[in-house]
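Beneath this line is the structure, given in structure tokens, with notes to follow.
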Amino acid sequence: MVIKYQLIKESKECKARLGIVTTPHGSFETPVFMPVGTNATVKTLTKEELEAIGAEIILGNTYHLWIQPGNDVIKKAGGLHKFMNWPHSILTDSGGFQVFSLSDFRKIEEEGVIFRNHKNGDLLFLSPEQSIKIQKDLGSDIMMAFDECPPYPSTYEYMKTSVERTIRWAKRCLEENKGNEKQGLFAIVQGGEYEDLRKYCAEELKKYDFDGFAIGGLSVGEPKEIQNEVLTYTTPLLPEDKPRYLMGVGTPGMILDAVERGVDMFDCVLPTRIARHGAAMTHFGRLNMRNKKHEYDFTPLDSKCNCYTCKNYTKSYLRHLIKADEILGYRLLSIHNIQFLKDLMAEIRDAIKNDTFYELKERVYKEYGIEDGKDF
RNA sequence: GGUGGGGUAGCGAAGUGGCUAAACGCGGUGGACUGUAAAUCCACUCUCUCCGAGUUCGGCAGUUCGAAUCUGUCCCCCACCA
């Protein structure tokens, strides 16, 4: 296996687990949060800043890099690591999510998906083989299988058809990747809110030699209870000796819920996106830095945070930067928000180690003001 | 002093007889954001006892059923000429 997973400890309290994932570009402890860097950049941040935060693995995106600058450019640059100057691990999403999120126009066929370039309207065709070819050019450590991410809600009939196709596509990805000793490949379990379909999908995918397993099709607008329910019955179906990745989840409450059910890896655009929208994630809940109440507040963003931003700047200054639309404001908030989640993950790992997970979960829910249906 | 142009909500700026409490932009205030078409999007932004009502478009006086829009006059600003 290109990707190694070492299980360090299972929680005595719940399904949470502590592990170490090793890729060709390094290893990191899990549960882990992976910042999203779609366009070969974690928006606004440099490699040094990400390293200072302690990020060990980031995401890139097949679809976006395929249409710009083009996988050939990145291949010639020596791969995505060299291209973007990130010597640590990279996971690339397959483009499957863009089929879901991007286009009004798309036609899903057995062979692949026809859809339109969101920048210039060009007709594009993405298939499992094409996605893997691009990801090979990118040279990511972990590639994702090309899947279909069906919307919520979808009918059982549709979901069944979709899941069966996603399984066939996963096998084609595996076939296309045969002999690749440098990159790992994760399969994606779909099935929506239908337990038997999730089970079927997981059982089928488990038969093949994937390096890890993701749970997809969640965080697409379904209620939190459904997400938890799906995780409760899906995660135990996944191999214990491989990493488990919940795609697209990144609010503190949902991360805790998912870790509790045995998930190891997370990614989410939330910290970087809301930073650019002027919001900070703090131990006291979400702060909208545009708000007037921060005008004369000369204390740090988050008194419990030791990030670069909190060590050096005040709320008043950050509010000023955001209101003045100064780039530095968005950068400083991005640094803080990623650090915030990074630190939360460290706390989670400690809590698993010490079997104090529920204590932590309760505290975080209370401190962050997480309530039913409202998570950050 | 003369000639021309102009004074509209916090600012800029449309509107030139009824459909106008008045487009739009900025600013202001709040909200949203989940495998990134997102430094984006949404709402509110004259006053009030806010379903409804009341005062507005430099001031005053008129014309009219009805005026930000027409007339007179006064005040102020800008440009050019003396």
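As shown in the structure tokens, the chain order sets the letters A, B, ...; within each chain, residues go from 1, and ligands are also counted from 1 in the order they appear.
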Check your understanding: Would you give me, as a PyMOL selection string, the residues in stretch 19-248 of chain A that DSSP reads as strand (DSSP E)?
Key -> chain A and resi 19-23+26-30+32-35+57-61+89-93+106-108+113-116+123-126+142-144+184-189+212-215+244-246
**Study point:** Distance filter 7 Å, only C-alpha atoms (C1' of nucleotides), chain A against chain B, as a ChimeraX atom specification
**Key:** /A:38,93,97,102,118,219,247-250,268-270,274,276-277,330
Residues as selected, N, CA, C and O atoms, written as a PDB file, in the first residue's frame, can you do that?
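The result, stored in part08.pdb:
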```
ATOM      1  N   THR A  38      -7.963  24.300  -3.411  1.00  0.00           N
ATOM      2  CA  THR A  38      -8.509  23.961  -4.736  1.00  0.00           C
ATOM      3  C   THR A  38      -7.599  24.295  -5.912  1.00  0.00           C
ATOM      4  O   THR A  38      -7.227  23.445  -6.698  1.00  0.00           O
ATOM      5  N   ASP A  93      -9.077  15.945  -4.872  1.00  0.00           N
ATOM      6  CA  ASP A  93     -10.428  15.493  -5.134  1.00  0.00           C
ATOM      7  C   ASP A  93     -10.545  15.208  -6.623  1.00  0.00           C
ATOM      8  O   ASP A  93      -9.799  15.753  -7.432  1.00  0.00           O
ATOM      9  N   PHE A  97     -17.232  16.149  -7.180  1.00  0.00           N
ATOM     10  CA  PHE A  97     -18.053  17.152  -6.485  1.00  0.00           C
ATOM     11  C   PHE A  97     -18.436  18.298  -7.412  1.00  0.00           C
ATOM     12  O   PHE A  97     -19.511  18.877  -7.290  1.00  0.00           O
ATOM     13  N   LEU A 102     -21.260  22.445  -9.695  1.00  0.00           N
ATOM     14  CA  LEU A 102     -20.836  23.487 -10.597  1.00  0.00           C
ATOM     15  C   LEU A 102     -21.803  23.824 -11.706  1.00  0.00           C
ATOM     16  O   LEU A 102     -21.963  24.969 -12.086  1.00  0.00           O
ATOM     17  N   HIS A 118     -16.953  26.104 -16.248  1.00  0.00           N
ATOM     18  CA  HIS A 118     -17.641  27.238 -15.625  1.00  0.00           C
ATOM     19  C   HIS A 118     -17.016  28.570 -15.999  1.00  0.00           C
ATOM     20  O   HIS A 118     -17.571  29.618 -15.736  1.00  0.00           O
ATOM     21  N   SER A 219     -23.016  16.468   3.992  1.00  0.00           N
ATOM     22  CA  SER A 219     -22.809  17.923   4.020  1.00  0.00           C
ATOM     23  C   SER A 219     -23.212  18.541   2.691  1.00  0.00           C
ATOM     24  O   SER A 219     -22.534  19.389   2.137  1.00  0.00           O
ATOM     25  N   MET A 247     -15.898  13.533   3.664  1.00  0.00           N
ATOM     26  CA  MET A 247     -15.634  14.625   2.737  1.00  0.00           C
ATOM     27  C   MET A 247     -16.521  15.845   2.978  1.00  0.00           C
ATOM     28  O   MET A 247     -17.727  15.732   3.113  1.00  0.00           O
ATOM     29  N   GLY A 248     -15.860  16.990   3.068  1.00  0.00           N
ATOM     30  CA  GLY A 248     -16.610  18.243   3.105  1.00  0.00           C
ATOM     31  C   GLY A 248     -17.082  18.699   4.464  1.00  0.00           C
ATOM     32  O   GLY A 248     -17.815  19.681   4.554  1.00  0.00           O
ATOM     33  N   VAL A 249     -16.665  18.006   5.499  1.00  0.00           N
ATOM     34  CA  VAL A 249     -17.156  18.387   6.822  1.00  0.00           C
ATOM     35  C   VAL A 249     -16.098  19.146   7.607  1.00  0.00           C
ATOM     36  O   VAL A 249     -14.928  18.758   7.642  1.00  0.00           O
ATOM     37  N   GLY A 250     -16.519  20.246   8.206  1.00  0.00           N
ATOM     38  CA  GLY A 250     -15.531  21.026   8.907  1.00  0.00           C
ATOM     39  C   GLY A 250     -16.040  21.934   9.992  1.00  0.00           C
ATOM     40  O   GLY A 250     -15.311  22.781  10.489  1.00  0.00           O
ATOM     41  N   CYS A 268     -12.651  20.882   4.626  1.00  0.00           N
ATOM     42  CA  CYS A 268     -13.779  21.800   4.521  1.00  0.00           C
ATOM     43  C   CYS A 268     -13.283  23.176   4.094  1.00  0.00           C
ATOM     44  O   CYS A 268     -12.214  23.611   4.511  1.00  0.00           O
ATOM     45  N   VAL A 269     -14.063  23.850   3.268  1.00  0.00           N
ATOM     46  CA  VAL A 269     -13.675  25.197   2.843  1.00  0.00           C
ATOM     47  C   VAL A 269     -14.072  26.243   3.887  1.00  0.00           C
ATOM     48  O   VAL A 269     -13.673  27.400   3.803  1.00  0.00           O
ATOM     49  N   LEU A 270     -14.867  25.808   4.860  1.00  0.00           N
ATOM     50  CA  LEU A 270     -15.449  26.769   5.805  1.00  0.00           C
ATOM     51  C   LEU A 270     -14.435  27.736   6.438  1.00  0.00           C
ATOM     52  O   LEU A 270     -14.636  28.950   6.371  1.00  0.00           O
ATOM     53  N   ILE A 274     -15.037  31.527   5.214  1.00  0.00           N
ATOM     54  CA  ILE A 274     -15.643  32.540   6.090  1.00  0.00           C
ATOM     55  C   ILE A 274     -14.605  33.588   6.503  1.00  0.00           C
ATOM     56  O   ILE A 274     -14.957  34.731   6.777  1.00  0.00           O
ATOM     57  N   ARG A 276     -12.451  34.888   4.467  1.00  0.00           N
ATOM     58  CA  ARG A 276     -12.507  35.884   3.395  1.00  0.00           C
ATOM     59  C   ARG A 276     -13.829  36.633   3.388  1.00  0.00           C
ATOM     60  O   ARG A 276     -13.982  37.654   2.731  1.00  0.00           O
ATOM     61  N   HIS A 277     -14.783  36.092   4.130  1.00  0.00           N
ATOM     62  CA  HIS A 277     -16.063  36.789   4.263  1.00  0.00           C
ATOM     63  C   HIS A 277     -16.134  37.559   5.579  1.00  0.00           C
ATOM     64  O   HIS A 277     -17.200  38.024   5.966  1.00  0.00           O
ATOM     65  N   TYR A 330      -8.112  39.450   5.475  1.00  0.00           N
ATOM     66  CA  TYR A 330      -8.558  38.116   5.061  1.00  0.00           C
ATOM     67  C   TYR A 330      -7.474  37.079   5.325  1.00  0.00           C
ATOM     68  O   TYR A 330      -7.767  35.946   5.700  1.00  0.00           O
TER      69      TYR A 330
END
```
Practice item. Find, counting only C-alpha atoms, the residue in A:Gln98, A:Ser131, A:Asn85, A:Ser11 that gets nearest to A:Phe115. Key: A:Gln98
**Study point:** Distance query A:Pro271 at most 10 Å, only C-alpha atoms (C1' of nucleotides), self and fewer than 6 positions along chain excluded, as a VMD selection string
**Key:** (chain A and resid 35 to 36 250 to 251 277 279 to 281 333 to 341) or (chain B and resid 34)
May I have the residues within 12 Å of B:A14 as a compact mmCIF listing (two decimals) with N, CA, C and O atoms (P, O5', C5', C4', C3', O3' and C1' of nucleotides), in the first residue's frame, using only C-alpha atoms (C1' of nucleotides) and disregarding those fewer than 4 positions away in the same chain?
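Saved file around.txt follows:
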```
# COMPACT_ATOMS: atom_id res chain seq x y z
P U B 8 -28.45 68.20 -3.85
O5' U B 8 -29.91 67.63 -4.10
C5' U B 8 -30.95 67.88 -3.15
C4' U B 8 -31.97 66.79 -3.20
C3' U B 8 -31.46 65.41 -2.78
O3' U B 8 -31.49 65.26 -1.37
C1' U B 8 -32.67 65.20 -4.80
P A B 22 -41.33 54.43 -2.59
O5' A B 22 -40.55 55.52 -3.45
C5' A B 22 -39.16 55.65 -3.28
C4' A B 22 -38.61 56.43 -4.46
C3' A B 22 -37.09 56.57 -4.47
O3' A B 22 -36.52 55.47 -5.16
C1' A B 22 -38.09 58.69 -4.76
P A B 23 -35.36 54.64 -4.55
O5' A B 23 -34.85 53.82 -5.83
C5' A B 23 -35.77 53.05 -6.59
C4' A B 23 -35.23 52.80 -7.98
C3' A B 23 -33.83 52.21 -8.03
O3' A B 23 -33.86 50.81 -7.83
C1' A B 23 -33.98 53.97 -9.57
P C B 24 -32.84 50.18 -6.78
O5' C B 24 -31.43 50.48 -7.41
C5' C B 24 -31.07 49.95 -8.69
C4' C B 24 -29.80 50.61 -9.17
C3' C B 24 -28.66 50.60 -8.17
O3' C B 24 -27.97 49.37 -8.16
C1' C B 24 -28.87 52.76 -9.07
P G B 25 -27.31 48.86 -6.80
O5' G B 25 -25.98 49.73 -6.73
C5' G B 25 -25.01 49.64 -7.77
C4' G B 25 -23.97 50.70 -7.57
C3' G B 25 -23.34 50.74 -6.18
O3' G B 25 -22.32 49.78 -6.05
C1' G B 25 -23.95 52.92 -6.81
P A B 68 -43.67 66.62 -4.87
O5' A B 68 -42.10 66.70 -5.05
C5' A B 68 -41.36 67.78 -4.51
C4' A B 68 -40.13 68.02 -5.32
C3' A B 68 -40.39 68.56 -6.72
O3' A B 68 -40.47 69.96 -6.71
C1' A B 68 -38.91 66.71 -6.82
```
Exercise for review: Show which residues sit within 8 Å of A:Pro243, as number ranges by chain. Count only C-alpha atoms (C1' of nucleotides), and ignore same-chain residues fewer than 4 positions away.
Suggested key: A: 5, 21, 211-213, 263-265
Write the residues you've just listed into a file as a compact mmCIF listing (two decimals), in the first residue's frame, and include N, CA, C and O atoms for each of them.
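What ended up in result_34.txt:
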```
# COMPACT_ATOMS: atom_id res chain seq x y z
N TYR A 5 -1.66 3.17 7.10
CA TYR A 5 -2.42 3.63 8.26
C TYR A 5 -2.03 2.78 9.46
O TYR A 5 -2.11 1.55 9.42
N VAL A 21 -1.19 8.37 9.55
CA VAL A 21 -1.23 8.09 8.12
C VAL A 21 0.12 8.50 7.54
O VAL A 21 0.63 9.58 7.83
N ASP A 211 -6.64 2.40 -0.88
CA ASP A 211 -5.77 2.81 0.23
C ASP A 211 -6.54 3.41 1.40
O ASP A 211 -6.01 3.57 2.50
N GLY A 212 -7.75 3.78 1.11
CA GLY A 212 -8.58 4.37 2.16
C GLY A 212 -9.99 4.53 1.65
O GLY A 212 -10.25 4.30 0.47
N PHE A 213 -10.88 4.90 2.56
CA PHE A 213 -12.29 5.00 2.18
C PHE A 213 -12.89 6.30 2.67
O PHE A 213 -12.70 6.69 3.82
N VAL A 263 -14.40 8.46 12.33
CA VAL A 263 -13.81 9.10 11.15
C VAL A 263 -12.43 9.66 11.49
O VAL A 263 -12.20 10.16 12.59
N ASP A 264 -11.51 9.57 10.51
CA ASP A 264 -10.12 9.99 10.73
C ASP A 264 -9.72 11.29 10.03
O ASP A 264 -8.82 11.98 10.47
N MET A 265 -10.35 11.55 8.89
CA MET A 265 -9.89 12.69 8.09
C MET A 265 -11.06 13.59 7.69
O MET A 265 -12.15 13.10 7.41
```
Neighbours of stretch 203-210 of chain A within 6 Å (only C-alpha atoms (C1' of nucleotides); same-chain residues fewer than 2 positions away dropped), as an mmCIF file with N, CA and C atoms, in the first residue's frame?
```cif
data_model
loop_
_atom_site.group_PDB
_atom_site.id
_atom_site.type_symbol
_atom_site.label_atom_id
_atom_site.label_comp_id
_atom_site.auth_asym_id
_atom_site.auth_seq_id
_atom_site.Cartn_x
_atom_site.Cartn_y
_atom_site.Cartn_z
ATOM 1 N N LEU A 185 -4.956 5.623 -3.636
ATOM 2 C CA LEU A 185 -6.285 5.886 -4.186
ATOM 3 C C LEU A 185 -7.351 5.532 -3.154
ATOM 4 N N PHE A 186 -8.208 6.518 -2.882
ATOM 5 C CA PHE A 186 -9.317 6.295 -1.942
ATOM 6 C C PHE A 186 -10.614 6.099 -2.728
ATOM 7 N N LYS A 199 -24.552 0.429 2.931
ATOM 8 C CA LYS A 199 -23.945 -0.868 3.259
ATOM 9 C C LYS A 199 -23.470 -1.575 2.007
ATOM 10 N N TYR A 200 -24.356 -1.585 1.017
ATOM 11 C CA TYR A 200 -24.032 -2.232 -0.254
ATOM 12 C C TYR A 200 -22.779 -1.596 -0.859
ATOM 13 N N CYS A 201 -22.752 -0.286 -0.886
ATOM 14 C CA CYS A 201 -21.637 0.447 -1.480
ATOM 15 C C CYS A 201 -20.339 0.146 -0.732
ATOM 16 N N GLY A 212 -7.752 3.781 1.108
ATOM 17 C CA GLY A 212 -8.575 4.365 2.162
ATOM 18 C C GLY A 212 -9.988 4.529 1.650
#
```
Point to revise | Within 12 Å of B:G1 using only C-alpha atoms (C1' of nucleotides), minus same-chain residues under 2 positions, as an MDAnalysis selection string | key: chainID B and resid 3 81:82
Generate a file of the selected residues that holds C-alpha atoms (C1' of nucleotides), formatted as an mmCIF file, in the first residue's frame.
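Produced file again_25.cif, reproduced below:
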```
data_model
loop_
_atom_site.group_PDB
_atom_site.id
_atom_site.type_symbol
_atom_site.label_atom_id
_atom_site.label_comp_id
_atom_site.auth_asym_id
_atom_site.auth_seq_id
_atom_site.Cartn_x
_atom_site.Cartn_y
_atom_site.Cartn_z
ATOM 1 C "C1'" U B 3 -23.612 84.779 -19.292
ATOM 2 C "C1'" C B 81 -16.393 86.458 -19.518
ATOM 3 C "C1'" A B 82 -15.569 91.515 -17.475
#
```
**Study point:** Those of stretch 252-299 of chain A in DSSP alpha helix (DSSP H), formatted as a ChimeraX atom specification
**Key:** /A:252-260,270-276
May I have the residues from that selection written out with N, CA and C atoms, as an mmCIF file, in the first residue's frame?
```cif
data_model
loop_
_atom_site.group_PDB
_atom_site.id
_atom_site.type_symbol
_atom_site.label_atom_id
_atom_site.label_comp_id
_atom_site.auth_asym_id
_atom_site.auth_seq_id
_atom_site.Cartn_x
_atom_site.Cartn_y
_atom_site.Cartn_z
ATOM 1 N N PRO A 252 -16.936 22.479 13.875
ATOM 2 C CA PRO A 252 -16.453 21.785 15.066
ATOM 3 C C PRO A 252 -17.428 20.715 15.582
ATOM 4 N N GLY A 253 -18.697 21.047 15.603
ATOM 5 C CA GLY A 253 -19.680 20.095 16.123
ATOM 6 C C GLY A 253 -19.741 18.828 15.289
ATOM 7 N N MET A 254 -19.748 19.002 13.988
ATOM 8 C CA MET A 254 -19.855 17.828 13.130
ATOM 9 C C MET A 254 -18.564 17.024 13.113
ATOM 10 N N ILE A 255 -17.435 17.707 13.250
ATOM 11 C CA ILE A 255 -16.167 16.971 13.346
ATOM 12 C C ILE A 255 -16.202 16.077 14.580
ATOM 13 N N LEU A 256 -16.655 16.632 15.700
ATOM 14 C CA LEU A 256 -16.727 15.834 16.929
ATOM 15 C C LEU A 256 -17.684 14.659 16.768
ATOM 16 N N ASP A 257 -18.833 14.918 16.185
ATOM 17 C CA ASP A 257 -19.809 13.850 15.959
ATOM 18 C C ASP A 257 -19.220 12.736 15.104
ATOM 19 N N ALA A 258 -18.445 13.145 14.096
ATOM 20 C CA ALA A 258 -17.897 12.166 13.163
ATOM 21 C C ALA A 258 -16.717 11.400 13.765
ATOM 22 N N VAL A 259 -15.869 12.097 14.503
ATOM 23 C CA VAL A 259 -14.752 11.418 15.172
ATOM 24 C C VAL A 259 -15.305 10.366 16.131
ATOM 25 N N GLU A 260 -16.335 10.763 16.831
ATOM 26 C CA GLU A 260 -16.995 9.870 17.788
ATOM 27 C C GLU A 260 -17.433 8.568 17.103
ATOM 28 N N LEU A 270 -14.867 25.808 4.860
ATOM 29 C CA LEU A 270 -15.449 26.769 5.805
ATOM 30 C C LEU A 270 -14.435 27.736 6.438
ATOM 31 N N PRO A 271 -13.347 27.236 7.052
ATOM 32 C CA PRO A 271 -12.453 28.184 7.725
ATOM 33 C C PRO A 271 -11.874 29.234 6.792
ATOM 34 N N THR A 272 -11.459 28.831 5.611
ATOM 35 C CA THR A 272 -10.856 29.798 4.697
ATOM 36 C C THR A 272 -11.916 30.666 4.021
ATOM 37 N N ARG A 273 -13.063 30.073 3.739
ATOM 38 C CA ARG A 273 -14.097 30.883 3.078
ATOM 39 C C ARG A 273 -14.651 31.943 4.017
ATOM 40 N N ILE A 274 -15.037 31.527 5.214
ATOM 41 C CA ILE A 274 -15.643 32.540 6.090
ATOM 42 C C ILE A 274 -14.605 33.588 6.503
ATOM 43 N N ALA A 275 -13.343 33.186 6.495
ATOM 44 C CA ALA A 275 -12.296 34.184 6.771
ATOM 45 C C ALA A 275 -12.343 35.285 5.718
ATOM 46 N N ARG A 276 -12.451 34.888 4.467
ATOM 47 C CA ARG A 276 -12.507 35.884 3.395
ATOM 48 C C ARG A 276 -13.829 36.633 3.388
#
```
Check your understanding: Given the choices B:G4, B:A32, B:A21, B:G12, which gets closest to B:C57 if the distance is worked out from only C-alpha atoms (C1' of nucleotides)?
Key ->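 The shortest atom-to-atom distance to B:C57 comes from B:A21.
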Practice item. Would you mind telling me which residue in B:C42, B:A53, B:C78, B:A67 lies nearest to B:U20 when using only C-alpha atoms (C1' of nucleotides)? Key: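 When distances to B:U20 are compared using only C-alpha atoms (C1' of nucleotides), the smallest one comes from B:A67.
Note that the spacing between atom CA of A:Asp147 and atom C1' of B:C41 amounts to 28.5 Å.
Between A:Glu157 and the residues A:Leu197, A:Leu91, A:Leu123, A:Ile142, the shortest atom-to-atom distance, using only C-alpha atoms, involves A:Leu197.
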